[in-house]
>>> print(open('upload-v2.cif').read())   # mmCIF, C-alpha atoms and all ligand atoms
data_structure
loop_
_atom_site.label_atom_id
_atom_site.label_comp_id
_atom_site.auth_asym_id
_atom_site.auth_seq_id
_atom_site.Cartn_x
_atom_site.Cartn_y
_atom_site.Cartn_z
CA MET A 203 232.22 268.60 31.65
CA GLN A 204 233.54 268.61 35.19
CA LYS A 205 233.81 265.21 36.85
CA THR A 206 232.37 264.92 40.34
CA SER A 207 234.63 263.24 42.82
CA GLY A 208 233.72 259.82 44.25
CA LYS A 209 232.85 258.80 47.79
CA LEU A 210 234.90 256.76 50.23
CA PHE A 211 233.37 253.77 52.04
CA VAL A 212 235.17 251.86 54.78
CA ILE A 213 233.99 248.33 55.51
CA SER A 214 235.18 246.47 58.59
CA GLY A 215 234.10 243.35 60.40
CA PRO A 216 235.62 240.17 61.76
CA SER A 217 237.51 237.62 59.69
CA GLY A 218 235.04 235.04 58.43
CA VAL A 219 231.99 237.32 58.54
CA GLY A 220 231.72 237.29 54.74
CA LYS A 221 232.86 240.89 54.01
CA GLY A 222 234.80 239.81 50.94
CA THR A 223 231.85 237.92 49.44
CA ILE A 224 229.40 240.76 50.08
CA ILE A 225 231.78 243.32 48.59
CA HIS A 226 232.42 241.23 45.48
CA LYS A 227 228.70 240.78 44.88
CA LEU A 228 228.29 244.54 45.20
CA LEU A 229 231.17 245.28 42.80
CA GLU A 230 229.67 243.00 40.14
CA LYS A 231 226.61 245.23 39.97
CA ASN A 232 228.36 248.60 40.41
CA PRO A 233 231.12 249.27 37.89
CA ASN A 234 231.53 252.75 39.37
CA ILE A 235 232.74 251.33 42.70
CA LYS A 236 236.35 250.18 43.07
CA LEU A 237 238.01 248.15 45.81
CA SER A 238 241.32 249.40 47.18
CA ILE A 239 244.24 246.96 47.01
CA SER A 240 246.20 247.16 50.25
CA ALA A 241 249.84 246.48 50.97
CA THR A 242 250.52 243.67 53.43
CA THR A 243 253.44 241.78 54.93
CA ARG A 244 251.27 238.65 55.27
CA ALA A 245 252.22 235.71 53.07
CA PRO A 246 249.84 235.10 50.16
CA ARG A 247 247.27 232.31 50.56
CA PRO A 248 247.27 229.68 47.79
CA HIS A 249 244.51 231.31 45.69
CA GLU A 250 245.81 234.88 46.11
CA THR A 251 247.64 236.93 43.46
CA ASP A 252 250.06 239.79 44.02
CA GLY A 253 248.62 243.07 42.73
CA VAL A 254 245.07 241.65 42.69
CA ASP A 255 244.27 240.61 46.26
CA TYR A 256 247.06 242.57 47.94
CA TYR A 257 250.48 243.97 47.20
CA PHE A 258 252.54 241.43 49.13
CA ILE A 259 255.64 243.23 50.34
CA SER A 260 258.46 242.72 52.86
CA ARG A 261 258.50 244.29 56.31
CA ASP A 262 261.39 246.51 55.21
CA ASN A 263 259.39 247.83 52.28
CA PHE A 264 256.37 248.36 54.49
CA THR A 265 258.45 250.39 56.96
CA LYS A 266 259.70 252.44 54.04
CA LEU A 267 256.12 253.22 52.95
CA ILE A 268 255.36 254.46 56.48
CA LYS A 269 258.50 256.62 56.62
CA GLU A 270 257.79 258.11 53.21
CA ASP A 271 254.19 258.89 54.30
CA LYS A 272 252.72 256.87 51.45
CA LEU A 273 250.00 255.26 53.59
CA ALA A 274 246.69 256.91 54.50
CA GLU A 275 246.30 254.37 57.31
CA TRP A 276 248.05 251.24 58.47
CA ALA A 277 247.80 248.74 61.30
CA GLU A 278 249.24 245.55 62.66
CA PHE A 279 246.75 242.68 62.59
CA SER A 280 247.54 239.22 63.92
CA GLY A 281 251.30 239.74 63.54
CA ASN A 282 251.29 241.29 60.07
CA TYR A 283 251.12 244.83 58.72
CA TYR A 284 248.37 246.08 56.42
CA GLY A 285 247.99 249.54 54.88
CA THR A 286 246.15 251.67 52.32
CA TYR A 287 248.04 253.77 49.78
CA TYR A 288 247.19 257.49 49.70
CA ASP A 289 247.59 257.34 45.92
CA THR A 290 244.82 254.75 45.57
CA ILE A 291 242.37 256.92 47.51
CA ASN A 292 243.30 260.17 45.75
CA ASN A 293 243.46 258.81 42.21
CA THR A 294 240.27 256.75 42.44
CA LEU A 295 238.13 259.50 43.97
CA GLN A 296 239.51 262.17 41.64
CA ASN A 297 238.60 260.01 38.67
CA GLY A 298 234.98 260.02 39.84
CA TYR A 299 234.85 256.44 41.16
CA ASP A 300 233.65 255.46 44.60
CA LEU A 301 236.15 253.48 46.64
CA ILE A 302 235.76 250.75 49.23
CA LEU A 303 238.48 250.11 51.80
CA GLU A 304 238.06 246.69 53.36
CA ILE A 305 240.18 247.22 56.46
CA GLU A 306 240.30 246.40 60.16
CA VAL A 307 239.03 248.73 62.88
CA LYS A 308 242.24 250.57 63.89
CA GLY A 309 242.72 251.60 60.26
CA ALA A 310 239.05 252.55 59.97
CA MET A 311 239.47 254.91 62.93
CA GLN A 312 242.47 256.58 61.27
CA ILE A 313 240.43 257.15 58.10
CA LYS A 314 237.52 258.52 60.15
CA ASN A 315 239.88 261.12 61.67
CA LYS A 316 241.63 262.05 58.44
CA ILE A 317 238.68 261.92 56.04
CA PRO A 318 235.50 262.81 57.96
CA SER A 319 233.37 262.45 54.82
CA ALA A 320 234.15 258.71 54.67
CA VAL A 321 231.20 256.43 55.46
CA LEU A 322 232.02 253.61 57.89
CA ILE A 323 230.12 250.33 57.77
CA PHE A 324 230.63 247.41 60.17
CA ILE A 325 229.55 243.91 59.20
CA LEU A 326 228.49 241.65 62.05
CA PRO A 327 228.00 237.89 62.22
CA PRO A 328 224.59 236.63 63.41
CA SER A 329 226.37 235.27 66.53
CA PHE A 330 229.82 234.54 67.91
CA ASP A 331 229.24 230.78 67.50
CA GLU A 332 228.33 231.21 63.85
CA LEU A 333 231.48 233.26 63.27
CA GLN A 334 233.59 230.53 64.86
CA LYS A 335 231.92 227.95 62.62
CA ARG A 336 232.54 230.01 59.45
CA LEU A 337 236.17 230.70 60.32
CA THR A 338 236.83 227.02 61.02
CA GLY A 339 234.94 225.95 57.89
CA ARG A 340 236.87 228.11 55.41
CA ASN A 341 240.11 226.27 56.25
CA THR A 342 242.47 229.16 55.51
CA GLU A 343 243.86 229.64 59.01
CA LYS A 344 245.34 227.29 61.60
CA THR A 345 243.59 226.76 64.97
CA GLU A 346 245.87 229.23 66.82
CA GLU A 347 245.31 231.87 64.15
CA ILE A 348 241.52 231.33 64.35
CA LYS A 349 241.62 231.80 68.14
CA GLN A 350 243.61 235.01 67.69
CA ARG A 351 241.17 236.34 65.07
CA LEU A 352 238.17 235.60 67.32
CA ALA A 353 239.85 237.45 70.20
CA ILE A 354 240.48 240.43 67.90
CA PHE A 355 236.77 240.44 67.02
CA GLU A 356 235.86 241.02 70.67
CA ASP A 357 238.04 244.17 70.69
CA GLU A 358 236.76 245.31 67.31
CA TYR A 359 233.15 244.83 68.34
CA ALA A 360 233.70 247.27 71.21
CA LYS A 361 234.63 249.91 68.63
CA SER A 362 231.76 249.22 66.23
CA PHE A 363 229.68 252.04 67.78
CA GLU A 364 232.07 254.46 66.04
CA PHE A 365 230.74 253.27 62.66
CA ASN A 366 227.93 254.99 60.75
CA TYR A 367 226.15 251.73 59.91
CA LYS A 368 226.05 248.11 61.05
CA ILE A 369 224.87 245.22 58.87
CA THR A 370 224.29 241.71 60.19
CA ASN A 371 225.26 239.06 57.66
CA ASP A 372 222.62 236.47 58.36
CA ASN A 373 221.73 236.04 54.70
CA LEU A 374 224.21 236.95 51.99
CA ASP A 375 221.73 238.43 49.50
CA GLU A 376 219.97 240.49 52.15
CA ALA A 377 223.24 241.81 53.57
CA THR A 378 224.42 242.77 50.06
CA GLU A 379 221.10 244.50 49.39
CA GLU A 380 221.41 246.44 52.65
CA LEU A 381 224.91 247.56 51.71
CA GLN A 382 223.68 248.60 48.27
CA LYS A 383 220.93 250.71 49.85
CA ILE A 384 223.34 252.41 52.24
CA ILE A 385 225.69 253.28 49.39
CA SER A 386 222.88 254.60 47.17
CA ARG A 387 221.53 256.72 50.02
CA GLU A 388 224.94 258.12 50.91
CA LYS A 389 225.62 258.93 47.25
CA GLN A 390 222.59 261.22 47.25
CA ASN A 391 223.91 263.22 50.24
P1 LIG B 401 243.37 238.96 55.90
O1 LIG B 401 244.69 238.51 56.44
O2 LIG B 401 242.25 238.04 56.35
O3 LIG B 401 243.38 239.19 54.42
O4 LIG B 401 243.05 240.38 56.55
C1 LIG B 401 243.13 240.55 57.93
C2 LIG B 401 242.49 241.85 58.33
O5 LIG B 401 243.23 242.94 57.78
C3 LIG B 401 241.04 241.99 57.82
O6 LIG B 401 240.26 242.50 58.89
C4 LIG B 401 241.18 243.01 56.71
O7 LIG B 401 239.99 243.77 56.57
C5 LIG B 401 242.32 243.87 57.23
N1 LIG B 401 242.98 244.67 56.20
C6 LIG B 401 243.18 244.38 54.89
N2 LIG B 401 243.80 245.39 54.27
C7 LIG B 401 243.98 246.36 55.20
C8 LIG B 401 244.56 247.68 55.17
O8 LIG B 401 245.02 248.19 54.16
N3 LIG B 401 244.57 248.35 56.34
C9 LIG B 401 244.07 247.86 57.51
N4 LIG B 401 244.10 248.64 58.58
N5 LIG B 401 243.51 246.64 57.56
C10 LIG B 401 243.47 245.89 56.43
#
>>> encode(input="upload-v2.cif", output="structure tokens", more="lines below")
Ligand code: 5GP
Amino acid sequence: MQKTSGKLFVISGPSGVGKGTIIHKLLEKNPNIKLSISATTRAPRPHETDGVDYYFISRDNFTKLIKEDKLAEWAEFSGNYYGTYYDTINNTLQNGYDLILEIEVKGAMQIKNKIPSAVLIFILPPSFDELQKRLTGRNTEKTEEIKQRLAIFEDEYAKSFEFNYKITNDNLDEATEELQKIISREKQN
């Protein structure tokens, strides 16, 4: 029997909006959807594991990946590099799984150009104040870093019209449900 190839979903949104939580809730219920593991030059946070959350690599190795054309997209975010391996996209989709890339907006735009069939979804906070509260509350970044991430959000928001869908994360279960519906609908197309 011939396997049908999977679909690519790109999910962006500001740091602290709850993308990670929504995606993990979705993955629990959908074994056919995989999450891409990116390469990054950022240092791991205390709870993060190499090869699970990211591939944590040096700047030299990241530059090598770019030169060898191993990355489908990459971008600098808040002083660090992040990128998606071509191999992850190709292997996952060819094996019939759907794939989620949880990436920032510059990378999302590169995917949109290279892979027009990709579905782009932007997750919004209920308000800027709420985002600031969530970012401060999660205690993973220092004050300067939080300020930088909030400033990036203003730029990213300006690009959110390029996305196919927008979801406001006011309530975690409702936002996850909305994402589930979008994915199910897109799978039928
Ligand atoms: P964090 O440092 O909070 O893990 O991620 C910072 C930002 O980088 C987030 O917006 C996240 O979605 C984005 N990001 C993670 N992996 C990639 C990637 O492979 N490519 C791009 N362009 N952005 C990524």
>>> closest_residue(input="upload-v2.cif", among="A:Ile305, A:Ile224, A:Ile239, A:Leu229", to="ligand LIG 401 (chain B)", atoms="all atoms listed in the file")
A:Ile305
>>> closest_residue(input="upload-v2.cif", among="A:Thr290, A:Ser240, A:Thr251, A:Thr206", to="ligand LIG 401 (chain B)", atoms="only C-alpha atoms and all ligand atoms")
A:Ser240
>>> closest_residue(input="upload-v2.cif", among="A:Ile317, A:Tyr288, A:Glu230, A:Leu352", to="Asp331 in chain A", atoms="only C-alpha atoms")
A:Leu352
>>> closest_residue(input="upload-v2.cif", among="A:Ser207, A:Gln350, A:Ser329, A:Asn263", to="ligand LIG 401 (chain B)", atoms="all atoms listed in the file")
A:Gln350
>>> closest_residue(input="upload-v2.cif", among="A:Ser280, A:Thr370, A:Thr265, A:Asn234", to="Arg351 in chain A", atoms="only C-alpha atoms")
A:Ser280
>>> axis_aligned_box(input="upload-v2.cif", around="ligand LIG 401 (chain B)", padding_each_side="4 Å", output="lines of an AutoDock Vina configuration file")
center_x = 242.5
center_y = 243.3
center_z = 56.5
size_x = 13.0
size_y = 18.6
size_z = 12.7
>>> atom_distance(input="upload-v2.cif", atom1="CA of Ile302 in chain A", atom2="CA of Ala277 in chain A")
17.2 Å
>>> atom_distance(input="upload-v2.cif", atom1="CA of Ile369 in chain A", atom2="CA of Glu388 in chain A")
15.2 Å
>>> residues_near_ligand(input="upload-v2.cif", ligand="ligand LIG 401 (chain B)", cutoff="9 Å", atoms="all atoms listed in the file", output="count of residues only")
46
>>> atom_distance(input="upload-v2.cif", atom1="CA of Ala360 in chain A", atom2="CA of Arg336 in chain A")
20.9 Å
>>> residues_around(input="upload-v2.cif", residues="Ala320 in chain A", least_positions_apart="5", cutoff="8 Å", atoms="only C-alpha atoms", output="PyMOL selection string")
chain A and resi 209-212+313-314
>>> closest_residue(input="upload-v2.cif", among="A:Lys344, A:Lys349, A:Lys236, A:Arg387", to="Gly298 in chain A", atoms="only C-alpha atoms")
A:Lys236
>>> residues_around(input="upload-v2.cif", residues="Leu374 in chain A", least_positions_apart="5", cutoff="9 Å", atoms="only C-alpha atoms", output="PyMOL selection string")
chain A and resi 220+223-224+379
>>> build_atoms(input="upload-v2.cif", residues="range 242-262 of chain A", atoms="N, CA, C and O atoms", output="PDB file, in the frame of the given file")
ATOM      1  N   THR A 242     250.431 244.476  52.198  1.00  0.00           N
ATOM      2  CA  THR A 242     250.520 243.670  53.430  1.00  0.00           C
ATOM      3  C   THR A 242     251.838 242.912  53.490  1.00  0.00           C
ATOM      4  O   THR A 242     252.428 242.590  52.447  1.00  0.00           O
ATOM      5  N   THR A 243     252.247 242.627  54.736  1.00  0.00           N
ATOM      6  CA  THR A 243     253.440 241.780  54.930  1.00  0.00           C
ATOM      7  C   THR A 243     253.028 240.322  55.131  1.00  0.00           C
ATOM      8  O   THR A 243     253.889 239.474  55.308  1.00  0.00           O
ATOM      9  N   ARG A 244     251.716 240.051  55.129  1.00  0.00           N
ATOM     10  CA  ARG A 244     251.270 238.650  55.270  1.00  0.00           C
ATOM     11  C   ARG A 244     251.647 237.862  54.021  1.00  0.00           C
ATOM     12  O   ARG A 244     251.667 238.407  52.922  1.00  0.00           O
ATOM     13  N   ALA A 245     251.909 236.563  54.227  1.00  0.00           N
ATOM     14  CA  ALA A 245     252.220 235.710  53.070  1.00  0.00           C
ATOM     15  C   ALA A 245     250.948 235.465  52.270  1.00  0.00           C
ATOM     16  O   ALA A 245     249.864 235.371  52.863  1.00  0.00           O
ATOM     17  N   PRO A 246     251.044 235.371  50.945  1.00  0.00           N
ATOM     18  CA  PRO A 246     249.840 235.100  50.160  1.00  0.00           C
ATOM     19  C   PRO A 246     249.257 233.718  50.479  1.00  0.00           C
ATOM     20  O   PRO A 246     250.006 232.782  50.743  1.00  0.00           O
ATOM     21  N   ARG A 247     247.919 233.623  50.459  1.00  0.00           N
ATOM     22  CA  ARG A 247     247.270 232.310  50.560  1.00  0.00           C
ATOM     23  C   ARG A 247     247.302 231.681  49.171  1.00  0.00           C
ATOM     24  O   ARG A 247     247.486 232.398  48.174  1.00  0.00           O
ATOM     25  N   PRO A 248     247.097 230.365  49.084  1.00  0.00           N
ATOM     26  CA  PRO A 248     247.270 229.680  47.790  1.00  0.00           C
ATOM     27  C   PRO A 248     246.515 230.299  46.614  1.00  0.00           C
ATOM     28  O   PRO A 248     247.046 230.374  45.517  1.00  0.00           O
ATOM     29  N   HIS A 249     245.286 230.787  46.823  1.00  0.00           N
ATOM     30  CA  HIS A 249     244.510 231.310  45.690  1.00  0.00           C
ATOM     31  C   HIS A 249     244.765 232.801  45.433  1.00  0.00           C
ATOM     32  O   HIS A 249     244.150 233.382  44.543  1.00  0.00           O
ATOM     33  N   GLU A 250     245.640 233.422  46.220  1.00  0.00           N
ATOM     34  CA  GLU A 250     245.810 234.880  46.110  1.00  0.00           C
ATOM     35  C   GLU A 250     246.908 235.284  45.116  1.00  0.00           C
ATOM     36  O   GLU A 250     247.917 234.602  44.984  1.00  0.00           O
ATOM     37  N   THR A 251     246.689 236.429  44.468  1.00  0.00           N
ATOM     38  CA  THR A 251     247.640 236.930  43.460  1.00  0.00           C
ATOM     39  C   THR A 251     248.144 238.308  43.872  1.00  0.00           C
ATOM     40  O   THR A 251     247.354 239.171  44.276  1.00  0.00           O
ATOM     41  N   ASP A 252     249.447 238.498  43.721  1.00  0.00           N
ATOM     42  CA  ASP A 252     250.060 239.790  44.020  1.00  0.00           C
ATOM     43  C   ASP A 252     249.528 240.843  43.052  1.00  0.00           C
ATOM     44  O   ASP A 252     249.445 240.599  41.843  1.00  0.00           O
ATOM     45  N   GLY A 253     249.125 241.993  43.600  1.00  0.00           N
ATOM     46  CA  GLY A 253     248.620 243.070  42.730  1.00  0.00           C
ATOM     47  C   GLY A 253     247.131 242.948  42.464  1.00  0.00           C
ATOM     48  O   GLY A 253     246.525 243.841  41.881  1.00  0.00           O
ATOM     49  N   VAL A 254     246.519 241.823  42.874  1.00  0.00           N
ATOM     50  CA  VAL A 254     245.070 241.650  42.690  1.00  0.00           C
ATOM     51  C   VAL A 254     244.409 241.634  44.074  1.00  0.00           C
ATOM     52  O   VAL A 254     243.540 242.446  44.375  1.00  0.00           O
ATOM     53  N   ASP A 255     244.859 240.706  44.919  1.00  0.00           N
ATOM     54  CA  ASP A 255     244.270 240.610  46.260  1.00  0.00           C
ATOM     55  C   ASP A 255     244.952 241.598  47.225  1.00  0.00           C
ATOM     56  O   ASP A 255     244.291 242.229  48.043  1.00  0.00           O
ATOM     57  N   TYR A 256     246.239 241.662  47.137  1.00  0.00           N
ATOM     58  CA  TYR A 256     247.060 242.570  47.940  1.00  0.00           C
ATOM     59  C   TYR A 256     248.324 242.858  47.146  1.00  0.00           C
ATOM     60  O   TYR A 256     248.642 242.135  46.193  1.00  0.00           O
ATOM     61  N   TYR A 257     249.082 243.869  47.590  1.00  0.00           N
ATOM     62  CA  TYR A 257     250.480 243.970  47.200  1.00  0.00           C
ATOM     63  C   TYR A 257     251.245 243.320  48.339  1.00  0.00           C
ATOM     64  O   TYR A 257     251.230 243.842  49.464  1.00  0.00           O
ATOM     65  N   PHE A 258     251.818 242.162  48.082  1.00  0.00           N
ATOM     66  CA  PHE A 258     252.540 241.430  49.130  1.00  0.00           C
ATOM     67  C   PHE A 258     253.969 241.950  49.178  1.00  0.00           C
ATOM     68  O   PHE A 258     254.726 241.777  48.213  1.00  0.00           O
ATOM     69  N   ILE A 259     254.318 242.600  50.277  1.00  0.00           N
ATOM     70  CA  ILE A 259     255.640 243.230  50.340  1.00  0.00           C
ATOM     71  C   ILE A 259     256.365 242.829  51.640  1.00  0.00           C
ATOM     72  O   ILE A 259     255.747 242.308  52.573  1.00  0.00           O
ATOM     73  N   SER A 260     257.661 243.089  51.681  1.00  0.00           N
ATOM     74  CA  SER A 260     258.460 242.720  52.860  1.00  0.00           C
ATOM     75  C   SER A 260     258.220 243.747  53.978  1.00  0.00           C
ATOM     76  O   SER A 260     257.709 244.843  53.742  1.00  0.00           O
ATOM     77  N   ARG A 261     258.625 243.363  55.180  1.00  0.00           N
ATOM     78  CA  ARG A 261     258.500 244.290  56.310  1.00  0.00           C
ATOM     79  C   ARG A 261     259.340 245.551  56.076  1.00  0.00           C
ATOM     80  O   ARG A 261     258.932 246.648  56.413  1.00  0.00           O
ATOM     81  N   ASP A 262     260.516 245.358  55.489  1.00  0.00           N
ATOM     82  CA  ASP A 262     261.390 246.510  55.210  1.00  0.00           C
ATOM     83  C   ASP A 262     260.692 247.494  54.266  1.00  0.00           C
ATOM     84  O   ASP A 262     260.710 248.705  54.484  1.00  0.00           O
TER      85      ASP A 262
END
